[in-house]
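Text of input_16.tsv (TSV, C-alpha atoms) as supplied:
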chain	number	residue	atom	x	y	z
A	1266	MET	CA	-44.43	-92.72	-7.72
A	1267	LYS	CA	-41.00	-92.17	-9.22
A	1268	GLU	CA	-40.92	-91.23	-12.91
A	1269	SER	CA	-37.98	-90.72	-15.23
A	1270	THR	CA	-37.34	-90.07	-18.89
A	1271	ALA	CA	-35.74	-92.60	-21.20
A	1272	TRP	CA	-35.00	-93.09	-24.88
A	1273	ILE	CA	-36.20	-96.23	-26.61
A	1274	LEU	CA	-33.62	-97.26	-29.20
A	1275	SER	CA	-34.47	-99.33	-32.22
A	1276	LEU	CA	-31.43	-101.60	-32.59
A	1277	ALA	CA	-32.99	-103.62	-35.40
A	1278	THR	CA	-36.49	-104.17	-36.72
A	1279	ASP	CA	-37.28	-106.56	-33.91
A	1280	LEU	CA	-34.95	-105.38	-31.16
A	1281	GLN	CA	-35.29	-102.45	-28.82
A	1282	ALA	CA	-33.43	-101.21	-25.78
A	1283	GLY	CA	-33.55	-98.18	-23.56
A	1284	VAL	CA	-31.10	-95.66	-22.15
A	1285	GLY	CA	-31.46	-92.77	-19.74
A	1286	GLU	CA	-32.46	-89.38	-21.07
A	1287	LEU	CA	-29.06	-87.76	-20.59
A	1288	GLU	CA	-27.06	-90.66	-21.98
A	1289	MET	CA	-27.89	-89.99	-25.61
A	1290	VAL	CA	-26.00	-86.90	-26.73
A	1291	HIS	CA	-26.18	-86.85	-30.52
A	1292	LEU	CA	-27.57	-88.55	-33.60
A	1293	VAL	CA	-25.55	-88.92	-36.81
A	1294	PRO	CA	-27.71	-89.67	-39.85
A	1295	SER	CA	-26.05	-91.48	-42.78
A	1296	PRO	CA	-22.78	-91.74	-40.87
A	1297	GLU	CA	-19.44	-92.30	-42.54
A	1298	LEU	CA	-18.11	-95.39	-40.84
A	1299	PHE	CA	-14.60	-96.76	-41.15
A	1300	ASP	CA	-13.75	-100.46	-40.96
A	1301	VAL	CA	-11.17	-101.64	-38.47
A	1302	PRO	CA	-10.12	-105.20	-39.30
A	1303	ALA	CA	-9.50	-107.90	-36.72
A	1304	THR	CA	-12.18	-106.54	-34.44
A	1305	PRO	CA	-15.23	-108.32	-32.95
A	1306	PHE	CA	-18.05	-109.02	-35.43
A	1307	TYR	CA	-20.37	-106.67	-33.55
A	1308	CYS	CA	-17.92	-103.77	-33.37
A	1309	ARG	CA	-16.10	-103.49	-36.67
A	1310	HIS	CA	-16.48	-99.78	-37.29
A	1311	VAL	CA	-15.42	-96.45	-35.92
A	1312	LEU	CA	-16.76	-92.98	-36.51
A	1313	ILE	CA	-14.95	-89.67	-36.43
A	1314	TRP	CA	-16.91	-87.38	-34.15
A	1315	GLU	CA	-15.74	-84.01	-32.84
A	1316	ASP	CA	-12.15	-84.84	-33.80
A	1317	GLY	CA	-12.20	-88.07	-31.82
A	1318	ILE	CA	-12.55	-91.68	-32.88
A	1319	LEU	CA	-15.57	-93.49	-31.48
A	1320	PRO	CA	-16.30	-97.21	-31.61
A	1321	VAL	CA	-19.64	-98.02	-33.23
A	1322	LEU	CA	-21.31	-101.09	-31.83
A	1323	ASP	CA	-23.96	-103.18	-33.55
A	1324	LEU	CA	-25.78	-104.37	-30.47
A	1325	ALA	CA	-28.33	-106.29	-32.51
A	1326	ALA	CA	-25.50	-108.35	-34.01
A	1327	TRP	CA	-24.10	-109.11	-30.58
A	1328	LEU	CA	-27.50	-110.14	-29.24
A	1329	LYS	CA	-28.18	-112.37	-32.24
A	1330	GLY	CA	-24.66	-113.81	-32.25
A	1331	HIS	CA	-23.96	-112.84	-35.86
A	1332	ALA	CA	-23.82	-109.72	-37.99
A	1333	GLU	CA	-26.30	-109.25	-40.79
A	1334	PRO	CA	-25.63	-106.93	-43.70
A	1335	ARG	CA	-27.41	-103.69	-42.94
A	1336	GLU	CA	-27.56	-100.17	-44.15
A	1337	HIS	CA	-25.91	-97.75	-41.78
A	1338	ARG	CA	-28.71	-95.22	-41.58
A	1339	LEU	CA	-28.20	-93.78	-38.16
A	1340	VAL	CA	-25.71	-93.82	-35.32
A	1341	GLY	CA	-26.56	-92.61	-31.85
A	1342	ILE	CA	-23.72	-91.13	-29.80
A	1343	PHE	CA	-23.92	-91.97	-26.12
A	1344	ALA	CA	-22.10	-90.72	-23.05
A	1345	TYR	CA	-21.28	-92.88	-20.08
A	1346	GLN	CA	-19.00	-92.96	-17.07
A	1347	ASP	CA	-16.77	-95.83	-16.01
A	1348	ARG	CA	-17.47	-94.85	-12.42
A	1349	PRO	CA	-19.31	-92.01	-10.67
A	1350	GLY	CA	-17.44	-88.76	-11.08
A	1351	ALA	CA	-15.28	-90.00	-13.95
A	1352	THR	CA	-14.89	-88.01	-17.15
A	1353	PRO	CA	-17.67	-88.97	-19.56
A	1354	ARG	CA	-16.68	-91.21	-22.43
A	1355	HIS	CA	-18.52	-91.66	-25.67
A	1356	GLY	CA	-19.44	-94.48	-27.99
A	1357	GLY	CA	-21.80	-95.07	-30.89
A	1358	LEU	CA	-24.62	-97.54	-31.46
A	1359	LEU	CA	-26.07	-98.48	-34.83
A	1360	LEU	CA	-29.75	-97.60	-34.84
A	1361	GLU	CA	-32.56	-98.52	-37.17
A	1362	ARG	CA	-34.55	-95.31	-36.70
A	1363	THR	CA	-34.79	-92.19	-34.57
A	1364	PRO	CA	-35.12	-93.00	-30.85
A	1365	ARG	CA	-38.41	-92.43	-29.08
A	1366	ARG	CA	-38.56	-90.41	-25.84
A	1367	VAL	CA	-40.79	-91.87	-23.13
A	1368	GLN	CA	-41.70	-91.34	-19.51
A	1369	VAL	CA	-41.18	-94.41	-17.36
A	1370	SER	CA	-42.57	-95.03	-13.90
A	1371	ASP	CA	-41.70	-97.66	-11.32
A	1372	LYS	CA	-44.90	-99.56	-11.95
A	1373	GLN	CA	-43.69	-100.36	-15.50
A	1374	ALA	CA	-40.78	-102.43	-14.17
A	1375	SER	CA	-40.64	-105.89	-15.70
A	1376	GLY	CA	-38.43	-108.89	-16.27
A	1377	LEU	CA	-36.02	-109.04	-19.20
A	1378	PRO	CA	-37.21	-110.20	-22.63
A	1379	GLU	CA	-36.72	-113.87	-23.33
A	1380	ASP	CA	-35.53	-113.40	-26.91
A	1381	SER	CA	-31.91	-113.43	-25.81
A	1382	ALA	CA	-30.20	-114.64	-22.66
A	1383	SER	CA	-27.49	-112.07	-23.38
A	1384	TRP	CA	-29.63	-109.23	-22.07
A	1385	ARG	CA	-28.61	-110.25	-18.56
A	1386	GLN	CA	-25.03	-109.32	-19.33
A	1387	ILE	CA	-25.78	-105.74	-20.35
A	1388	ALA	CA	-29.12	-104.71	-18.84
A	1389	VAL	CA	-29.49	-102.96	-15.51
A	1390	SER	CA	-33.28	-103.05	-15.46
A	1391	CYS	CA	-36.28	-103.39	-17.73
A	1392	PHE	CA	-39.67	-101.81	-18.24
A	1393	THR	CA	-42.78	-102.48	-20.30
A	1394	ASP	CA	-43.64	-99.74	-22.77
A	1395	ASP	CA	-47.09	-98.55	-23.80
A	1396	GLU	CA	-47.25	-101.24	-26.48
A	1397	GLY	CA	-46.55	-103.99	-23.98
A	1398	LYS	CA	-42.98	-104.60	-25.15
A	1399	ARG	CA	-40.23	-105.25	-22.66
A	1400	ILE	CA	-37.47	-102.67	-23.03
A	1401	PRO	CA	-34.19	-103.49	-21.27
A	1402	ILE	CA	-32.25	-100.49	-19.99
A	1403	ILE	CA	-28.67	-101.05	-21.03
A	1404	ASP	CA	-25.51	-100.40	-19.10
A	1405	LEU	CA	-23.43	-98.36	-21.55
A	1406	ALA	CA	-20.23	-98.58	-19.50
A	1407	GLN	CA	-20.49	-102.35	-19.61
A	1408	LEU	CA	-21.23	-102.29	-23.33
A	1409	PHE	CA	-18.18	-100.23	-24.24
A	1410	SER	CA	-15.84	-102.04	-21.87
A	1411	ARG	CA	-14.00	-105.28	-22.56
A	1412	ALA	CA	-16.90	-107.20	-21.05
A	1413	LEU	CA	-18.34	-108.44	-24.33
A	1414	LEU	CA	-15.03	-109.64	-25.73
A	1415	THR	CA	-14.51	-113.36	-25.86
A	1416	ASP	CA	-10.72	-113.33	-26.27
B	505	MET	CA	-13.94	-82.52	-26.00
B	506	ASP	CA	-12.41	-85.44	-24.24
B	507	ARG	CA	-11.28	-88.27	-26.40
B	508	VAL	CA	-13.29	-91.42	-26.19
B	509	PHE	CA	-11.23	-94.00	-24.48
B	510	SER	CA	-7.94	-92.36	-23.83
B	511	SER	CA	-6.05	-89.23	-24.48
B	512	PRO	CA	-4.56	-89.09	-27.95
B	513	HIS	CA	-0.92	-89.94	-28.20
B	514	PRO	CA	1.47	-87.94	-30.28
B	515	ALA	CA	3.13	-89.93	-33.00
B	516	PRO	CA	6.91	-90.11	-33.01
B	517	GLU	CA	8.83	-87.31	-34.60
B	518	SER	CA	10.28	-89.72	-37.10
B	519	GLY	CA	8.35	-90.68	-40.19
B	520	ILE	CA	5.39	-92.97	-40.46
B	521	ALA	CA	4.92	-95.37	-43.31
B	522	VAL	CA	1.38	-95.91	-44.57
B	523	LEU	CA	0.89	-99.23	-46.32
B	524	LEU	CA	-2.17	-99.06	-48.54
B	525	ILE	CA	-4.02	-102.34	-48.96
B	526	ASP	CA	-7.30	-102.15	-50.84
B	527	GLY	CA	-8.42	-99.11	-48.85
B	528	LEU	CA	-6.94	-100.26	-45.56
B	529	LYS	CA	-4.18	-98.02	-44.22
B	530	LEU	CA	-1.63	-99.74	-42.03
B	531	LEU	CA	0.66	-97.38	-40.14
B	532	LEU	CA	4.14	-98.48	-39.13
B	533	PRO	CA	7.24	-96.61	-38.03
B	534	GLN	CA	9.07	-95.65	-41.18
B	535	ASN	CA	12.32	-97.03	-39.84
B	536	THR	CA	10.90	-100.54	-39.73
B	537	ILE	CA	10.91	-100.61	-43.52
B	538	HIS	CA	14.07	-102.30	-44.69
B	539	ALA	CA	13.44	-102.20	-48.43
B	540	LEU	CA	10.78	-101.76	-51.08
B	541	GLU	CA	10.86	-104.20	-53.98
B	542	PRO	CA	8.67	-104.47	-57.06
B	543	VAL	CA	6.05	-107.15	-56.76
B	544	LEU	CA	7.42	-108.60	-59.99
B	545	ASP	CA	10.29	-109.94	-57.90
B	546	VAL	CA	7.89	-112.08	-55.88
B	547	GLU	CA	7.82	-115.70	-56.92
B	548	ALA	CA	4.27	-116.98	-56.81
B	549	GLY	CA	3.32	-120.12	-54.96
B	550	ALA	CA	3.97	-121.18	-51.42
B	551	ASP	CA	3.99	-124.20	-49.23
B	552	ALA	CA	1.42	-124.94	-46.56
B	553	SER	CA	1.86	-121.56	-44.89
B	554	ASP	CA	-0.43	-118.61	-45.54
B	555	ALA	CA	2.18	-116.96	-47.72
B	556	ALA	CA	1.25	-116.00	-51.28
B	557	GLY	CA	4.79	-116.34	-52.59
B	558	TRP	CA	8.50	-115.95	-51.92
B	559	ILE	CA	11.11	-113.35	-52.48
B	560	ALA	CA	14.85	-113.79	-52.68
B	561	TYR	CA	16.54	-111.19	-50.54
B	562	GLN	CA	20.05	-111.04	-49.13
B	563	GLY	CA	20.79	-114.58	-50.12
B	564	GLN	CA	17.70	-116.11	-48.56
B	565	GLN	CA	14.12	-116.87	-49.55
B	566	TRP	CA	11.50	-115.06	-47.49
B	567	PRO	CA	7.76	-115.78	-47.48
B	568	VAL	CA	5.64	-112.95	-48.87
B	569	TYR	CA	2.19	-112.37	-47.46
B	570	CYS	CA	-0.74	-110.84	-49.28
B	571	LEU	CA	-3.62	-109.58	-47.18
B	572	ALA	CA	-7.16	-108.55	-47.97
B	573	LYS	CA	-8.43	-105.39	-46.33
B	574	ASP	CA	-9.92	-107.50	-43.54
B	575	LEU	CA	-6.43	-108.96	-42.96
B	576	THR	CA	-7.26	-112.42	-44.19
B	577	ALA	CA	-4.38	-113.97	-46.08
B	578	LEU	CA	-4.90	-114.24	-49.84
B	579	PRO	CA	-3.33	-117.15	-51.68
B	580	ASP	CA	-2.85	-115.13	-54.88
B	581	ILE	CA	-1.55	-111.62	-55.37
B	582	PRO	CA	-4.08	-109.27	-57.05
B	583	ALA	CA	-2.88	-106.99	-59.83
B	584	SER	CA	-3.41	-103.94	-57.61
B	585	ARG	CA	-0.54	-104.97	-55.31
B	586	ARG	CA	2.54	-103.35	-56.79
B	587	VAL	CA	5.03	-103.11	-53.95
B	588	CYS	CA	6.62	-105.74	-51.77
B	589	VAL	CA	7.55	-104.16	-48.46
B	590	ILE	CA	10.38	-105.86	-46.61
B	591	LEU	CA	10.03	-105.08	-42.93
B	592	ASN	CA	12.56	-105.61	-40.16
B	593	ALA	CA	11.22	-108.27	-37.86
B	594	ALA	CA	12.61	-109.98	-34.79
B	595	GLN	CA	13.33	-113.10	-36.80
B	596	GLY	CA	14.69	-111.67	-40.04
B	597	TYR	CA	12.24	-110.02	-42.39
B	598	PHE	CA	8.48	-109.93	-42.72
B	599	CYS	CA	7.41	-109.33	-46.32
B	600	LEU	CA	4.05	-107.93	-47.30
B	601	VAL	CA	2.69	-106.83	-50.65
B	602	CYS	CA	0.61	-103.68	-50.79
B	603	ASP	CA	-0.89	-101.34	-53.37
B	604	ASN	CA	1.29	-98.40	-52.46
B	605	VAL	CA	3.39	-96.94	-49.67
B	606	GLN	CA	3.22	-93.36	-48.46
B	607	MET	CA	5.32	-91.52	-45.92
B	608	LEU	CA	3.92	-89.11	-43.35
B	609	ASP	CA	5.56	-86.69	-41.00
B	610	GLY	CA	5.02	-88.27	-37.60
B	611	ARG	CA	4.52	-84.89	-35.96
B	612	GLN	CA	1.34	-84.38	-37.93
B	613	VAL	CA	-0.32	-87.58	-36.86
B	614	GLU	CA	-2.29	-87.91	-33.66
B	615	MET	CA	-3.01	-91.36	-32.38
B	616	THR	CA	-5.86	-92.59	-30.22
B	617	ALA	CA	-5.83	-95.92	-28.45
B	618	LEU	CA	-7.95	-98.59	-30.07
B	619	PRO	CA	-11.24	-98.53	-28.13
B	620	VAL	CA	-11.18	-101.23	-25.47
B	621	CYS	CA	-14.44	-102.78	-26.67
B	622	MET	CA	-12.75	-103.50	-30.03
B	623	LYS	CA	-9.51	-104.74	-28.65
B	624	SER	CA	-9.42	-108.51	-28.68
B	625	THR	CA	-6.17	-110.01	-27.48
B	626	ARG	CA	-5.36	-111.03	-31.04
B	627	SER	CA	-5.70	-107.54	-32.47
B	628	PRO	CA	-2.58	-106.40	-34.30
B	629	PHE	CA	-3.49	-102.77	-33.66
B	630	HIS	CA	-2.89	-100.66	-30.62
B	631	TYR	CA	-3.77	-97.22	-31.93
B	632	LEU	CA	-5.90	-95.57	-34.59
B	633	ALA	CA	-5.10	-92.30	-36.30
B	634	VAL	CA	-7.29	-89.82	-38.11
B	635	LEU	CA	-5.78	-89.17	-41.53
B	636	ASP	CA	-6.77	-86.76	-44.29
B	637	GLU	CA	-8.92	-89.45	-45.81
B	638	GLY	CA	-10.31	-91.81	-43.23
B	639	ILE	CA	-8.43	-93.54	-40.49
B	640	GLY	CA	-5.21	-95.48	-40.21
B	641	CYS	CA	-4.60	-98.57	-38.11
B	642	VAL	CA	-1.35	-98.40	-36.18
B	643	THR	CA	0.60	-101.58	-35.71
B	644	ALA	CA	4.10	-102.90	-35.17
B	645	VAL	CA	5.85	-105.41	-37.38
B	646	ASP	CA	6.04	-108.32	-34.96
B	647	ARG	CA	2.48	-107.79	-33.81
B	648	LEU	CA	1.30	-107.85	-37.41
B	649	ALA	CA	3.49	-110.81	-38.27
B	650	ALA	CA	2.18	-112.80	-35.31
B	651	PHE	CA	-1.38	-112.06	-36.36
B	652	VAL	CA	-0.81	-112.97	-40.00
B	653	GLU	CA	1.21	-116.09	-39.38
B	654	ARG	CA	-1.20	-117.23	-36.67
B	655	SER	CA	1.82	-118.48	-34.88
B	656	ASN	CA	1.17	-116.82	-31.62
B	657	THR	CA	-2.38	-117.72	-30.69
B	658	ASP	CA	-1.64	-118.65	-27.09
B	659	ASP	CA	0.52	-115.66	-26.41
B	660	PRO	CA	-1.19	-113.06	-28.53
B	661	LEU	CA	0.62	-109.91	-27.59
B	662	VAL	CA	4.16	-110.00	-28.83
B	663	PRO	CA	6.62	-107.35	-27.80
B	664	ASP	CA	6.74	-104.40	-30.13
B	665	LEU	CA	9.72	-103.94	-32.28
B	666	VAL	CA	10.09	-100.35	-31.26
B	667	ASP	CA	12.74	-99.22	-28.85
B	668	GLU	CA	11.95	-97.87	-25.40
B	669	SER	CA	12.17	-94.24	-26.41
B	670	ARG	CA	9.27	-94.81	-28.76
B	671	VAL	CA	7.15	-96.39	-26.11
B	672	HIS	CA	6.86	-92.98	-24.55
B	673	SER	CA	6.07	-91.28	-27.80
B	674	GLY	CA	3.17	-93.34	-28.93
B	675	TRP	CA	4.37	-96.39	-30.81
B	676	GLY	CA	4.69	-98.74	-27.89
B	677	SER	CA	2.27	-101.17	-26.35
B	678	THR	CA	-0.87	-99.94	-24.72
Target format structure tokens, applied to this file:
Amino acid sequence: MKESTAWILSLATDLQAGVGELEMVHLVPSPELFDVPATPFYCRHVLIWEDGILPVLDLAAWLKGHAEPREHRLVGIFAYQDRPGATPRHGGLLLERTPRRVQVSDKQASGLPEDSASWRQIAVSCFTDDEGKRIPIIDLAQLFSRALLTD
Amino acid sequence: MDRVFSSPHPAPESGIAVLLIDGLKLLLPQNTIHALEPVLDVEAGADASDAAGWIAYQGQQWPVYCLAKDLTALPDIPASRRVCVILNAAQGYFCLVCDNVQMLDGRQVEMTALPVCMKSTRSPFHYLAVLDEGIGCVTAVDRLAAFVERSNTDDPLVPDLVDESRVHSGWGST
């Protein structure tokens, strides 16, 4: 049976998602975020990281359809590729707490959670964790592309 | 390390003006500033537009806009706004009050394209720049004016005011 390693990300108290083991590259506690006006409600901030400017996405806000005031405790930095072989790009996600590393096997595959129809737009698969929660595996390239923009 | 969404662009060798608005730093080519006037010269009150007042300049009245740091138009000018910046625009002048104006040497500023996931078609910004304190949002006068005046909603990307030589040096459209 095929097994792989994933990180379970806490996007908000009641929202979790997963990414592949090698996709998370760094955690920034108590990050200094900078506002960029006239940006989507779920992606209003950037972070300076290794001399570059990264977008910081509040995926929980996007899934819920509105942003809630929240303390910026932790940002995860993630690497992704637009296509196989492309230079890795980076982006940040607001996290509620430190991600949890888990082993996932094929037999844990499940359907997407029903709390938001939006998961279909950004998830490539889903598994059930040891607590019985459905954890969508997100497509980071899709997330940091123009795909979520509405105008 | 690679940059996130694109290679950084060098800023033009000419100066960059930084318009400070309640913590927001708007970056424009210095040569788009036509004049700086004291905010005392702004006449409060406006018609149905989003302008906060008017200024008499070169024999005409020009609307003056006052923005919050999230770029929403404010009807009244806060005491912190001390300078009225008169910018060269395609149709005359675009006037904006700000807290202060600073000038930077363009050669010392490195610009990075606004990340694509943040870039709605209505965004007045095309680049971001890391400054000594925080980041600056790079715009062009007509792009900013179109955003503020909400006059260009169906054709959101207006041509930049910059000339072609600047397009290759970082100020042009993405």
Quiz item: Near chain B, which residues of chain A fall within 7 Å when you count all atoms listed in the file, and what do they look like as a PyMOL selection string?
Solution: chain A and resi 1299+1302-1305+1308+1317-1320+1354-1355+1409-1411+1414+1416
Mind writing the picked residues with C-alpha atoms as a compact mmCIF listing (two decimals), in the frame of the given file?
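Output below, filename selection_14.txt:
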# COMPACT_ATOMS: atom_id res chain seq x y z
CA PHE A 1299 -14.60 -96.76 -41.15
CA PRO A 1302 -10.12 -105.20 -39.30
CA ALA A 1303 -9.50 -107.90 -36.72
CA THR A 1304 -12.18 -106.54 -34.44
CA PRO A 1305 -15.23 -108.32 -32.95
CA CYS A 1308 -17.92 -103.77 -33.37
CA GLY A 1317 -12.20 -88.07 -31.82
CA ILE A 1318 -12.55 -91.68 -32.88
CA LEU A 1319 -15.57 -93.49 -31.48
CA PRO A 1320 -16.30 -97.21 -31.61
CA ARG A 1354 -16.68 -91.21 -22.43
CA HIS A 1355 -18.52 -91.66 -25.67
CA PHE A 1409 -18.18 -100.23 -24.24
CA SER A 1410 -15.84 -102.04 -21.87
CA ARG A 1411 -14.00 -105.28 -22.56
CA LEU A 1414 -15.03 -109.64 -25.73
CA ASP A 1416 -10.72 -113.33 -26.27
Practice problem: Tell me which protein, DNA and RNA residues are within 8 Å of A:Ser1295, counting all atoms listed in the file, leaving out same-chain ones fewer than 5 positions away, and put them as a PyMOL selection string. | Solution: chain A and resi 1337-1340
Self-check item: Interatomic distance, atom CA of B:Ile520 to atom CA of B:Asp609 (Å, one decimal)
Solution: 6.3 Å
Could I get stretch 548-570 of chain B rebuilt with N, CA, C and O atoms, written as a short mmCIF file (atom, residue, chain, number, x, y, z; two decimals), keeping the file's coordinate frame?
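The resulting file, selection_36.cif, is reproduced below:
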data_model
loop_
_atom_site.label_atom_id
_atom_site.label_comp_id
_atom_site.auth_asym_id
_atom_site.auth_seq_id
_atom_site.Cartn_x
_atom_site.Cartn_y
_atom_site.Cartn_z
N ALA B 548 5.58 -116.49 -57.25
CA ALA B 548 4.27 -116.98 -56.81
C ALA B 548 4.37 -118.41 -56.29
O ALA B 548 5.29 -119.15 -56.63
N GLY B 549 3.38 -118.75 -55.48
CA GLY B 549 3.32 -120.12 -54.96
C GLY B 549 3.98 -120.20 -53.60
O GLY B 549 4.93 -119.47 -53.31
N ALA B 550 3.42 -121.04 -52.78
CA ALA B 550 3.97 -121.18 -51.42
C ALA B 550 3.68 -122.58 -50.92
O ALA B 550 2.93 -123.33 -51.54
N ASP B 551 4.27 -122.89 -49.82
CA ASP B 551 3.99 -124.20 -49.23
C ASP B 551 2.71 -124.11 -48.39
O ASP B 551 1.82 -123.34 -48.69
N ALA B 552 2.65 -124.87 -47.35
CA ALA B 552 1.42 -124.94 -46.56
C ALA B 552 1.15 -123.69 -45.73
O ALA B 552 0.10 -123.56 -45.15
N SER B 553 2.09 -122.76 -45.69
CA SER B 553 1.86 -121.56 -44.89
C SER B 553 0.85 -120.66 -45.60
O SER B 553 0.39 -120.94 -46.69
N ASP B 554 0.52 -119.54 -44.95
CA ASP B 554 -0.43 -118.61 -45.54
C ASP B 554 0.23 -117.65 -46.51
O ASP B 554 -0.41 -116.72 -46.99
N ALA B 555 1.49 -117.87 -46.81
CA ALA B 555 2.18 -116.96 -47.72
C ALA B 555 1.65 -117.11 -49.14
O ALA B 555 1.20 -118.18 -49.55
N ALA B 556 1.71 -115.98 -49.88
CA ALA B 556 1.25 -116.00 -51.28
C ALA B 556 2.42 -116.25 -52.23
O ALA B 556 2.21 -116.51 -53.40
N GLY B 557 3.64 -116.13 -51.73
CA GLY B 557 4.79 -116.34 -52.59
C GLY B 557 6.08 -116.18 -51.80
O GLY B 557 6.07 -116.18 -50.55
N TRP B 558 7.17 -116.05 -52.54
CA TRP B 558 8.50 -115.95 -51.92
C TRP B 558 9.29 -114.85 -52.61
O TRP B 558 9.06 -114.54 -53.77
N ILE B 559 10.21 -114.31 -51.86
CA ILE B 559 11.11 -113.35 -52.48
C ILE B 559 12.55 -113.68 -52.05
O ILE B 559 12.78 -114.04 -50.86
N ALA B 560 13.44 -113.58 -53.00
CA ALA B 560 14.85 -113.79 -52.68
C ALA B 560 15.44 -112.45 -52.25
O ALA B 560 15.35 -111.45 -52.97
N TYR B 561 16.00 -112.45 -51.04
CA TYR B 561 16.54 -111.19 -50.54
C TYR B 561 17.73 -111.49 -49.63
O TYR B 561 17.61 -112.32 -48.72
N GLN B 562 18.83 -110.86 -49.91
CA GLN B 562 20.05 -111.04 -49.13
C GLN B 562 20.42 -112.52 -48.98
O GLN B 562 20.71 -112.99 -47.88
N GLY B 563 20.34 -113.20 -50.09
CA GLY B 563 20.79 -114.58 -50.12
C GLY B 563 19.85 -115.60 -49.51
O GLY B 563 20.21 -116.77 -49.37
N GLN B 564 18.66 -115.15 -49.15
CA GLN B 564 17.70 -116.11 -48.56
C GLN B 564 16.34 -115.94 -49.24
O GLN B 564 16.05 -114.90 -49.84
N GLN B 565 15.50 -116.95 -49.08
CA GLN B 565 14.12 -116.87 -49.55
C GLN B 565 13.23 -116.49 -48.37
O GLN B 565 13.30 -117.13 -47.32
N TRP B 566 12.40 -115.49 -48.56
CA TRP B 566 11.50 -115.06 -47.49
C TRP B 566 10.05 -115.20 -47.95
O TRP B 566 9.73 -114.84 -49.08
N PRO B 567 9.18 -115.70 -47.08
CA PRO B 567 7.76 -115.78 -47.48
C PRO B 567 7.17 -114.38 -47.64
O PRO B 567 7.53 -113.46 -46.89
N VAL B 568 6.31 -114.24 -48.62
CA VAL B 568 5.64 -112.95 -48.87
C VAL B 568 4.15 -113.13 -48.61
O VAL B 568 3.53 -114.04 -49.19
N TYR B 569 3.60 -112.27 -47.80
CA TYR B 569 2.19 -112.37 -47.46
C TYR B 569 1.40 -111.33 -48.24
O TYR B 569 1.86 -110.22 -48.49
N CYS B 570 0.18 -111.75 -48.60
CA CYS B 570 -0.74 -110.84 -49.28
C CYS B 570 -2.04 -110.84 -48.48
O CYS B 570 -2.64 -111.90 -48.26
#
